[in-house]
$ cat my_file25.cif   # mmCIF, C-alpha atoms
data_structure
loop_
_atom_site.label_atom_id
_atom_site.label_comp_id
_atom_site.auth_asym_id
_atom_site.auth_seq_id
_atom_site.Cartn_x
_atom_site.Cartn_y
_atom_site.Cartn_z
CA MET R 51 -90.22 -14.38 65.86
CA ARG R 52 -87.81 -13.77 63.00
CA SER R 53 -84.12 -14.07 63.79
CA ILE R 54 -81.87 -11.12 63.00
CA TRP R 55 -78.53 -12.86 63.55
CA ASN R 56 -77.26 -16.44 63.58
CA GLY R 57 -74.20 -17.60 65.43
CA ALA R 58 -73.11 -19.46 68.55
CA ILE R 59 -72.46 -18.88 72.24
CA SER R 60 -68.88 -19.71 73.19
CA PHE R 61 -68.95 -21.09 76.75
CA GLY R 62 -65.35 -22.21 77.32
CA LEU R 63 -64.90 -25.13 74.92
CA VAL R 64 -68.68 -25.55 74.63
CA SER R 65 -70.34 -24.06 71.55
CA ILE R 66 -74.09 -23.48 71.56
CA PRO R 67 -75.70 -22.65 68.19
CA ILE R 68 -78.26 -19.87 68.68
CA LYS R 69 -80.48 -17.43 66.84
CA LEU R 70 -80.78 -13.81 67.93
CA VAL R 71 -84.32 -12.35 67.97
CA ASN R 72 -85.60 -9.00 69.20
CA ALA R 73 -87.06 -9.17 72.71
CA THR R 74 -88.91 -5.84 72.43
CA GLU R 75 -91.15 -4.10 69.94
CA SER R 76 -92.33 -0.55 69.51
CA HIS R 77 -96.02 0.34 69.42
CA ALA R 78 -95.43 4.01 68.69
CA ILE R 79 -97.56 5.60 65.94
CA SER R 80 -95.44 6.82 63.04
CA PHE R 81 -96.28 9.72 60.74
CA ARG R 82 -95.54 10.51 57.12
CA GLN R 83 -94.35 13.85 55.85
CA ILE R 84 -96.78 15.46 53.41
CA HIS R 85 -97.18 18.58 51.34
CA THR R 86 -99.75 20.60 53.33
CA GLU R 87 -101.36 22.12 50.21
CA ASP R 88 -102.37 18.87 48.53
CA ASN R 89 -101.43 16.09 51.03
CA GLY R 90 -98.83 14.74 48.62
CA ARG R 91 -96.16 12.48 50.14
CA ILE R 92 -92.73 13.97 50.75
CA ARG R 93 -90.01 11.43 49.98
CA TYR R 94 -86.26 11.47 50.36
CA ARG R 95 -84.44 10.33 47.29
CA LYS R 96 -80.85 9.09 47.31
CA VAL R 97 -78.93 10.99 44.69
CA CYS R 98 -75.30 10.63 43.62
CA GLU R 99 -73.60 14.00 43.93
CA LEU R 100 -71.25 13.36 41.01
CA GLU R 101 -73.80 12.12 38.50
CA GLU R 102 -76.72 14.09 39.98
CA ARG R 103 -79.10 11.19 39.52
CA GLU R 104 -81.13 8.95 41.87
CA VAL R 105 -79.52 5.58 42.61
CA THR R 106 -81.07 2.28 43.73
CA GLN R 107 -80.35 0.46 46.99
CA GLY R 108 -78.19 -2.10 45.20
CA GLU R 109 -75.82 0.63 44.06
CA ILE R 110 -75.21 1.92 47.60
CA GLY R 111 -72.23 0.75 49.64
CA LYS R 112 -70.23 1.78 52.73
CA ALA R 113 -67.21 4.02 53.01
CA TYR R 114 -65.15 5.80 55.64
CA GLU R 115 -64.51 9.50 55.26
CA ASP R 116 -61.01 10.43 56.34
CA ALA R 117 -60.09 13.66 58.11
CA ASP R 118 -58.96 15.24 54.83
CA GLY R 119 -62.28 14.37 53.16
CA SER R 120 -61.03 11.41 51.15
CA ILE R 121 -63.38 8.42 50.82
CA ILE R 122 -62.19 4.90 51.71
CA PRO R 123 -64.66 2.22 50.48
CA ILE R 124 -65.40 -0.69 52.91
CA THR R 125 -67.12 -3.79 51.53
CA ASP R 126 -69.08 -6.52 53.31
CA GLU R 127 -66.22 -8.89 52.49
CA ASP R 128 -63.81 -6.62 54.33
CA LEU R 129 -66.04 -6.72 57.39
CA SER R 130 -66.44 -10.50 57.26
CA HIS R 131 -62.67 -10.99 57.50
CA LEU R 132 -62.13 -8.86 60.58
CA PRO R 133 -59.48 -10.49 62.84
CA ILE R 134 -61.77 -10.87 65.86
CA PRO R 135 -63.31 -14.07 67.30
CA THR R 136 -66.72 -12.47 67.79
CA ALA R 137 -67.64 -12.14 64.12
CA ARG R 138 -70.24 -14.91 64.48
CA THR R 139 -69.81 -15.79 68.13
CA ILE R 140 -71.13 -14.48 71.42
CA GLU R 141 -68.01 -15.03 73.49
CA ILE R 142 -68.59 -15.22 77.25
CA VAL R 143 -65.65 -13.61 79.04
CA ALA R 144 -66.80 -13.53 82.69
CA PHE R 145 -69.61 -14.14 85.19
CA VAL R 146 -70.43 -11.34 87.64
CA PRO R 147 -73.22 -10.44 90.11
CA ALA R 148 -76.10 -8.62 88.43
CA ASP R 149 -75.72 -5.54 90.66
CA ARG R 150 -72.28 -4.94 89.16
CA ILE R 151 -73.94 -3.77 85.94
CA ASP R 152 -74.81 -0.08 85.84
CA PRO R 153 -78.32 0.36 84.34
CA LEU R 154 -76.92 3.29 82.35
CA GLN R 155 -75.02 0.77 80.25
CA MET R 156 -78.09 -1.25 79.25
CA GLY R 157 -79.38 -1.00 75.71
CA ALA R 158 -81.39 -3.18 73.34
CA ALA R 159 -82.66 -6.55 74.56
CA TYR R 160 -82.63 -9.83 72.63
CA TYR R 161 -83.68 -13.42 73.17
CA LEU R 162 -81.18 -16.17 72.42
CA ALA R 163 -83.02 -19.14 70.90
CA ALA R 164 -81.40 -22.57 70.64
CA SER R 165 -80.77 -23.39 66.97
CA GLY R 166 -81.69 -27.03 66.38
CA ALA R 167 -81.98 -30.09 68.60
CA PRO R 168 -78.20 -30.49 69.25
CA ALA R 169 -78.17 -27.07 70.94
CA ALA R 170 -80.90 -27.96 73.46
CA LYS R 171 -78.67 -29.63 76.08
CA PRO R 172 -75.78 -27.11 76.20
CA TYR R 173 -78.35 -24.28 76.08
CA THR R 174 -80.17 -25.75 79.10
CA LEU R 175 -76.87 -26.33 80.88
CA LEU R 176 -75.88 -22.67 80.56
CA ARG R 177 -79.35 -21.52 81.65
CA GLU R 178 -79.36 -23.67 84.80
CA ALA R 179 -75.77 -22.68 85.64
CA LEU R 180 -76.78 -19.00 85.49
CA LYS R 181 -79.81 -19.70 87.70
CA ARG R 182 -77.85 -21.53 90.37
CA SER R 183 -75.01 -19.02 90.50
CA ASN R 184 -77.31 -15.96 90.67
CA LYS R 185 -74.91 -14.27 88.27
CA VAL R 186 -75.01 -12.85 84.76
CA ALA R 187 -72.61 -13.56 81.93
CA ILE R 188 -70.60 -10.79 80.28
CA ALA R 189 -69.95 -11.44 76.60
CA LYS R 190 -68.60 -9.84 73.44
CA TYR R 191 -70.28 -10.12 70.05
CA ALA R 192 -70.22 -8.41 66.65
CA LEU R 193 -73.42 -6.97 65.19
CA ARG R 194 -74.08 -4.41 62.44
CA GLY R 195 -70.46 -3.76 61.70
CA ARG R 196 -69.08 -3.29 65.20
CA GLU R 197 -68.07 -5.29 68.24
CA ARG R 198 -70.40 -4.90 71.18
CA LEU R 199 -70.64 -5.78 74.85
CA GLY R 200 -73.54 -7.86 76.16
CA MET R 201 -75.01 -9.28 79.35
CA LEU R 202 -76.70 -12.70 79.39
CA ARG R 203 -79.34 -13.48 82.01
CA VAL R 204 -82.20 -15.93 82.50
CA VAL R 205 -85.77 -14.81 81.72
CA GLY R 206 -88.25 -17.59 82.41
CA ASP R 207 -86.97 -20.63 80.52
CA ALA R 208 -84.98 -18.59 78.03
CA ILE R 209 -81.66 -16.78 77.94
CA ALA R 210 -81.85 -13.07 77.19
CA MET R 211 -79.04 -10.77 76.18
CA HIS R 212 -78.90 -7.04 76.84
CA GLY R 213 -76.63 -4.94 74.71
CA LEU R 214 -74.28 -2.90 76.91
CA LEU R 215 -72.43 0.31 76.25
CA TRP R 216 -68.70 0.16 76.71
CA PRO R 217 -67.66 1.78 80.02
CA ASP R 218 -66.02 4.71 78.23
CA GLU R 219 -69.30 5.44 76.41
CA VAL R 220 -71.09 6.34 79.66
CA ARG R 221 -70.61 9.99 80.50
CA ALA R 222 -69.88 11.11 84.05
CA PRO R 223 -72.64 13.25 85.67
CA GLU R 224 -70.43 16.32 85.88
CA GLY R 225 -72.28 19.61 86.29
CA VAL R 226 -75.66 17.86 86.62
CA ALA R 227 -76.20 17.94 90.39
CA PRO R 228 -77.17 21.29 91.99
CA ASP R 229 -74.14 23.36 92.93
CA THR R 230 -76.07 25.18 95.68
CA SER R 231 -75.63 23.89 99.22
CA VAL R 232 -78.97 22.97 100.80
CA THR R 233 -79.96 21.39 104.10
CA ILE R 234 -82.62 18.67 104.24
CA ARG R 235 -84.35 18.29 107.60
CA ASP R 236 -85.34 14.93 109.05
CA LYS R 237 -89.00 15.98 109.02
CA GLU R 238 -88.82 16.62 105.29
CA LEU R 239 -87.31 13.19 104.73
CA ASP R 240 -90.03 11.64 106.90
CA LEU R 241 -92.72 13.28 104.78
CA ALA R 242 -90.98 12.15 101.60
CA ASP R 243 -90.91 8.60 102.96
CA ALA R 244 -94.60 8.88 103.84
CA LEU R 245 -95.38 10.02 100.30
CA MET R 246 -93.42 7.09 98.85
CA ASP R 247 -95.25 4.66 101.13
CA THR R 248 -98.62 6.16 100.21
CA LEU R 249 -97.97 5.91 96.49
CA GLY R 250 -96.88 2.33 97.14
CA GLU R 251 -96.00 -0.18 94.44
CA VAL R 252 -97.56 -0.79 91.05
CA ASP R 253 -97.95 -3.79 88.79
CA LEU R 254 -96.07 -2.85 85.63
CA GLU R 255 -98.59 -4.87 83.62
CA ASP R 256 -101.23 -2.27 84.55
CA LEU R 257 -99.27 0.60 82.98
CA HIS R 258 -100.04 1.57 79.38
CA ASP R 259 -99.28 4.31 76.86
CA GLU R 260 -102.06 6.87 77.38
CA TYR R 261 -100.54 9.21 74.82
CA ARG R 262 -100.80 6.58 72.08
CA GLU R 263 -104.42 5.81 73.05
CA ALA R 264 -105.35 9.50 72.90
CA LEU R 265 -103.59 9.83 69.55
CA GLU R 266 -105.56 6.85 68.18
CA GLU R 267 -108.81 8.56 69.26
CA VAL R 268 -107.82 11.72 67.39
CA ILE R 269 -106.99 9.73 64.22
CA ALA R 270 -110.25 7.77 64.42
CA ALA R 271 -112.28 10.96 64.91
CA LYS R 272 -110.68 12.73 61.95
CA ALA R 273 -111.05 9.63 59.75
CA SER R 274 -114.80 9.59 60.42
CA GLY R 275 -115.15 13.33 59.88
CA GLU R 276 -115.81 14.13 63.52
CA ALA R 277 -114.20 16.79 65.64
CA PRO R 278 -111.27 15.47 67.64
CA PRO R 279 -111.75 15.33 71.43
CA GLU R 280 -110.60 18.37 73.32
CA ALA R 281 -107.83 18.13 75.84
CA PRO R 282 -108.71 18.95 79.46
CA ALA R 283 -107.51 22.29 80.76
CA PRO R 284 -104.12 21.97 82.41
CA ALA R 285 -104.03 22.39 86.16
CA ALA R 286 -102.87 25.81 87.29
CA GLY R 287 -99.35 25.56 88.59
CA GLY R 288 -97.71 27.71 91.19
CA LYS R 289 -94.39 28.21 92.86
CA VAL R 290 -93.64 25.88 95.72
CA LEU R 291 -92.75 28.25 98.52
CA ASP R 292 -93.10 25.81 101.42
CA LEU R 293 -91.59 22.39 100.80
CA MET R 294 -93.13 20.97 103.97
CA ALA R 295 -96.61 22.12 102.96
CA ALA R 296 -96.14 20.72 99.45
CA LEU R 297 -95.11 17.33 100.85
CA GLU R 298 -98.00 17.25 103.31
CA ASN R 299 -100.49 18.16 100.58
CA SER R 300 -98.98 15.51 98.30
CA VAL R 301 -99.38 12.82 100.96
CA ARG R 302 -102.97 13.91 101.60
CA ALA R 303 -103.83 13.94 97.88
CA ALA R 304 -102.21 10.53 97.33
CA ARG R 305 -104.22 9.02 100.19
CA GLU R 306 -107.46 10.50 98.90
CA SER R 307 -106.78 9.22 95.38
CA ARG R 308 -106.33 5.71 96.78
CA GLY R 309 -109.55 5.95 98.76
CA GLU R 310 -107.78 6.11 102.11
CA ALA R 311 -108.81 8.31 105.00
CA PRO R 312 -106.70 11.44 105.51
CA ALA R 313 -104.18 11.47 108.33
CA GLU R 314 -106.37 13.74 110.48
CA ALA R 315 -109.26 11.24 110.36
CA VAL R 316 -107.22 8.26 111.48
CA GLY R 317 -105.38 10.00 114.28
CA GLU R 318 -102.01 10.19 112.56
CA ALA R 319 -101.74 13.96 112.57
CA GLU R 320 -98.97 15.47 114.62
CA VAL R 321 -99.53 18.65 116.64
CA ARG R 322 -96.56 20.98 116.29
CA PRO R 323 -96.14 24.15 118.42
CA LEU R 324 -96.18 27.41 116.51
CA PRO R 325 -92.90 29.37 116.36
CA GLY R 326 -92.45 31.68 119.36
CA ARG R 327 -94.92 29.85 121.62
CA ARG R 328 -94.27 27.42 124.39
CA ALA R 329 -95.27 23.84 123.76
CA ALA R 330 -98.16 22.33 125.68
CA PRO R 331 -97.15 20.67 129.00
CA LYS R 332 -96.35 17.01 128.81
CA GLU R 333 -98.36 14.30 130.50
CA THR R 334 -95.97 14.14 133.45
CA GLY R 335 -96.35 17.89 134.03
CA GLY R 336 -100.11 17.46 134.10
CA LYS R 337 -99.85 14.99 136.93
CA LYS R 338 -97.76 17.44 138.93
CA SER R 339 -100.35 20.16 138.46
CA THR R 340 -103.11 17.84 139.66
CA SER R 341 -101.13 16.97 142.79
CA THR R 342 -100.58 20.65 143.53
CA ALA R 343 -104.28 21.34 143.13
CA LYS R 344 -105.10 18.58 145.57
CA LYS R 345 -102.71 20.04 148.15
CA THR R 346 -104.24 23.51 147.69
CA ALA R 347 -107.76 22.13 148.10
CA ALA R 348 -106.70 20.27 151.26
CA ALA R 349 -105.19 23.43 152.68
CA LYS R 350 -108.40 25.38 152.02
CA LYS R 351 -110.44 22.70 153.79
CA THR R 352 -108.05 22.77 156.76
CA GLN R 353 -108.52 26.47 157.45
CA PRO R 354 -112.28 26.24 158.14
CA ALA R 355 -111.62 23.16 160.25
CA ARG R 356 -109.22 25.15 162.44
CA LYS R 357 -111.85 27.85 162.97
CA SER R 358 -114.40 25.24 163.94
CA THR R 359 -111.94 23.76 166.42
CA SER R 360 -111.47 27.11 168.07
CA LYS R 361 -115.20 27.67 168.34
CA ALA R 362 -115.68 24.17 169.69
CA ALA R 363 -113.16 24.83 172.43
CA GLU R 364 -115.02 27.93 173.47
CA GLY R 365 -118.51 26.41 173.29
CA LYS R 366 -117.45 23.00 174.64
CA LYS R 367 -119.54 21.06 172.03
CA PRO R 368 -118.86 17.40 171.28
CA ALA R 369 -119.41 17.93 167.52
CA ALA R 370 -116.64 20.52 167.45
CA SER R 371 -114.35 18.02 169.15
CA ALA R 372 -114.70 15.67 166.13
CA SER R 373 -113.91 18.56 163.76
CA ALA R 374 -110.82 19.40 165.76
CA SER R 375 -109.67 15.79 165.54
CA ALA R 376 -110.11 15.78 161.73
CA SER R 377 -108.26 19.08 161.42
CA ALA R 378 -105.36 17.84 163.48
CA SER R 379 -105.16 14.68 161.38
CA ALA R 380 -105.01 16.71 158.11
CA SER R 381 -102.01 18.76 159.29
CA ALA R 382 -100.06 15.71 160.47
CA SER R 383 -96.89 16.51 158.52
CA LYS R 384 -96.50 19.91 160.26
CA ARG R 385 -97.55 19.10 163.82
CA THR R 386 -96.71 15.64 165.12
CA ALA R 387 -97.91 16.34 168.64
CA ALA R 388 -101.34 17.45 167.44
CA LYS R 389 -101.61 14.26 165.29
CA LYS R 390 -101.02 11.97 168.28
CA THR R 391 -103.53 13.89 170.40
CA ALA R 392 -106.16 13.89 167.61
CA THR R 393 -105.71 10.15 167.00
CA LYS R 394 -106.36 9.28 170.66
CA ALA R 395 -109.12 11.86 171.09
CA THR R 396 -112.68 10.87 172.02
CA PRO R 397 -115.81 13.00 171.61
CA THR R 398 -115.80 14.41 175.23
CA LYS R 399 -115.80 17.92 176.52
CA THR R 400 -112.43 17.45 178.24
CA THR R 401 -110.72 16.27 175.01
CA ALA R 402 -112.14 19.16 173.12
CA LYS R 403 -110.75 21.55 175.73
CA LYS R 404 -107.28 19.96 175.54
CA ALA R 405 -107.27 20.01 171.74
CA GLY R 406 -108.33 23.63 171.71
CA SER R 407 -105.79 24.55 174.39
CA ARG R 408 -102.95 22.91 172.45
CA LYS R 409 -104.03 24.65 169.29
CA ARG R 410 -103.90 28.03 171.00
CA THR R 411 -100.57 27.20 172.62
CA ALA R 412 -99.12 26.25 169.25
#

$ encode --input "my_file25.cif" --output "C-alpha cells"
Amino acid sequence: MRSIWNGAISFGLVSIPIKLVNATESHAISFRQIHTEDNGRIRYRKVCELEEREVTQGEIGKAYEDADGSIIPITDEDLSHLPIPTARTIEIVAFVPADRIDPLQMGAAYYLAASGAPAAKPYTLLREALKRSNKVAIAKYALRGRERLGMLRVVGDAIAMHGLLWPDEVRAPEGVAPDTSVTIRDKELDLADALMDTLGEVDLEDLHDEYREALEEVIAAKASGEAPPEAPAPAAGGKVLDLMAALENSVRAARESRGEAPAEAVGEAEVRPLPGRRAAPKETGGKKSTSTAKKTAAAKKTQPARKSTSKAAEGKKPAASASASASASASASKRTAAKKTATKATPTKTTAKKAGSRKRTA
C-alpha cells in the first residue's frame, strides 16, 4: 500500500516514525460525462478569468478570499511554517475508553505503518499498551492543510487511526425527533424485540454491494449488444394502519425467510380476548366448575336413593335397606344422626323399618 503521509507518533518523549496509508478503498463504479449526440467526452477546463485562457496544473496555487472579495495568496512554504507541533507529528494527547467516542465523529480510516527497523520496538510497545489498557489514544495531526483530530486503536497486529470531527463540527439533533407525543405499549415493544431476535445477527463478511453487481450486469449486457436485464416489479406498498399487525406479519415473514416454523406451528401463539368479550375462564376456575358438577351429580343420585328408602320401609325388603344405608351415608354432612344409623345398619327388616321411620320423622 502506498503511503500518503510520512511523519512520527509522539508518545510522551518517545517518537515513532510511521507512514500513513489508507485503510479503506472504494469499489463504486464511476461514470464519465458525455455529449449525448455523439458520445464525445465532456471535460472541465481550468481557465484564468483575467487572461481568459486555459492554465496547467503547475500554474495553479492556493489563496484565501477575504470578505471584501480580495485574494490573499497562500503558498506551500507558508503552510510548512505553521507554528503548530503537529505539522509532521501525530501527537497523542490522551487515552480514553472507546465508548467515550461518539460514532458521529468518526471519519476516514488509516493504517499507521512502522517506518524502518528502529520504529519496530516503540511501535509494538504502543500497540501492546493500547491492548492491555482497553483504551484508545486521542491525537492531533495536520493533513491536507489543516489540523485534525484522530483516534488510535489496535486492529489485529497494526495500529489504525480514525479521523475525528472536532466536537463543534457535530450538529445537535434539533428538530429531528418527532414532535408528536405517542405512547408505545409493552406488547408493541415485545413484538419489536421478537422481530429483532428473529432477524438475528449477520456476518458482515457476507454482505456485498448488490447495486454495483447489478450495474456491472447492465454494462456487460450493453457492451455485448444485448438487452439489459429488467428490474423486478416493486412490491405494492400500503399504509400501515395497525402497528401490531405489521409487527406480527414482519415476525412471521422473517421466520419463514429463515426457514423456521411460524409461531402458530410451534405453539408460541398467544390467544388474546376480543374487545368487549369476557376472557375464557382460567384453569383454577375450571376446577371449581368440575367440583360443582360433581356435587350436583351426587345430589341427583341421592334423590332416587331417598325414594327407594321410603319404598323399602313400606315393603320391608332387605335390598331396600342397603339402599337406605347408602343414601344416609351420602347425606352425611346434613344429617349426622342418619349417618351413624346407616353406618351401623345391617340388612334386616327391623333396621330397614328404623331407617325408614327416622327418615319420615326427619

$ residues_around --input "my_file25.cif" --residues "Ile59 (chain R)" --least-positions-apart "3" --cutoff "10 Å" --atoms "all atoms listed in the file" --output "number ranges by chain"
R: 62, 64-69, 136, 138-142, 162, 164, 172-173, 176, 189-191

$ closest_residue --input "my_file25.cif" --among "R:Lys181, R:Ala163, R:Val268, R:Leu100" --to "Phe145 (chain R)" --atoms "only C-alpha atoms"
R:Lys181

$ atom_distance --input "my_file25.cif" --atom1 "CA of Glu101 (chain R)" --atom2 "CA of Ile121 (chain R)"
16.6 Å

$ resolve_selection --input "my_file25.cif" --expression "the PyMOL selection byres ((chain R and resi 199) around 12)" --output "NGL selection string"
:R and (136 or 140-144 or 151 or 155-158 or 187-193 or 196-198 or 200-202 or 211-219)

$ closest_residue --input "my_file25.cif" --among "R:Glu251, R:Asp88, R:Asp152, R:Ala281" --to "Ala264 (chain R)" --atoms "all atoms listed in the file"
R:Ala281

$ resolve_selection --input "my_file25.cif" --expression "the PyMOL selection byres ((chain R and resi 237) around 12)" --output "JSON, numbers by chain"
{"R": [233, 234, 235, 236, 238, 239, 240, 241, 242, 243, 244, 293, 294, 295, 297, 298, 320, 322]}

$ write_last_selection --input "my_file25.cif" --atoms "C-alpha atoms" --output "CSV table (one decimal), keeping the file's coordinate frame"
chain,number,residue,atom,x,y,z
R,233,THR,CA,-80.0,21.4,104.1
R,234,ILE,CA,-82.6,18.7,104.2
R,235,ARG,CA,-84.4,18.3,107.6
R,236,ASP,CA,-85.3,14.9,109.0
R,238,GLU,CA,-88.8,16.6,105.3
R,239,LEU,CA,-87.3,13.2,104.7
R,240,ASP,CA,-90.0,11.6,106.9
R,241,LEU,CA,-92.7,13.3,104.8
R,242,ALA,CA,-91.0,12.2,101.6
R,243,ASP,CA,-90.9,8.6,103.0
R,244,ALA,CA,-94.6,8.9,103.8
R,293,LEU,CA,-91.6,22.4,100.8
R,294,MET,CA,-93.1,21.0,104.0
R,295,ALA,CA,-96.6,22.1,103.0
R,297,LEU,CA,-95.1,17.3,100.8
R,298,GLU,CA,-98.0,17.2,103.3
R,320,GLU,CA,-99.0,15.5,114.6
R,322,ARG,CA,-96.6,21.0,116.3

$ resolve_selection --input "my_file25.cif" --expression "the PyMOL selection byres ((chain R and resi 183) around 12)" --output "short mmCIF file (atom, residue, chain, number, x, y, z; two decimals) with C-alpha atoms, keeping the file's coordinate frame"
data_model
loop_
_atom_site.label_atom_id
_atom_site.label_comp_id
_atom_site.auth_asym_id
_atom_site.auth_seq_id
_atom_site.Cartn_x
_atom_site.Cartn_y
_atom_site.Cartn_z
CA PHE R 145 -69.61 -14.14 85.19
CA VAL R 146 -70.43 -11.34 87.64
CA PRO R 147 -73.22 -10.44 90.11
CA ALA R 148 -76.10 -8.62 88.43
CA LEU R 176 -75.88 -22.67 80.56
CA ARG R 177 -79.35 -21.52 81.65
CA GLU R 178 -79.36 -23.67 84.80
CA ALA R 179 -75.77 -22.68 85.64
CA LEU R 180 -76.78 -19.00 85.49
CA LYS R 181 -79.81 -19.70 87.70
CA ARG R 182 -77.85 -21.53 90.37
CA ASN R 184 -77.31 -15.96 90.67
CA LYS R 185 -74.91 -14.27 88.27
CA VAL R 186 -75.01 -12.85 84.76
CA ALA R 187 -72.61 -13.56 81.93
CA ARG R 203 -79.34 -13.48 82.01
CA VAL R 204 -82.20 -15.93 82.50
#

$ atom_distance --input "my_file25.cif" --atom1 "CA of Val226 (chain R)" --atom2 "CA of Met246 (chain R)"
24.1 Å

$ residues_around --input "my_file25.cif" --residues "Ala304 (chain R)" --least-positions-apart "6" --cutoff "8 Å" --atoms "all atoms listed in the file" --output "number ranges by chain"
R: 245, 248-249

$ write_last_selection --input "my_file25.cif" --atoms "C-alpha atoms" --output "PDB file, in the coordinates of the input"
ATOM      1  CA  LEU R 245     -95.380  10.020 100.300  1.00  0.00           C
ATOM      2  CA  THR R 248     -98.620   6.160 100.210  1.00  0.00           C
ATOM      3  CA  LEU R 249     -97.970   5.910  96.490  1.00  0.00           C
TER       4      LEU R 249
END

$ closest_residue --input "my_file25.cif" --among "R:Glu255, R:Gly275, R:Gly309, R:Ser165" --to "Gly57 (chain R)" --atoms "all atoms listed in the file"
R:Ser165

$ residues_around --input "my_file25.cif" --residues "Gln107 (chain R)" --least-positions-apart "3" --cutoff "9 Å" --atoms "all atoms listed in the file" --output "PyMOL selection string"
chain R and resi 96+110-111

$ atom_distance --input "my_file25.cif" --atom1 "CA of Pro168 (chain R)" --atom2 "CA of Phe61 (chain R)"
15.2 Å

$ closest_residue --input "my_file25.cif" --among "R:Arg93, R:Asp253, R:Pro279, R:Asn299" --to "Glu266 (chain R)" --atoms "all atoms listed in the file"
R:Pro279
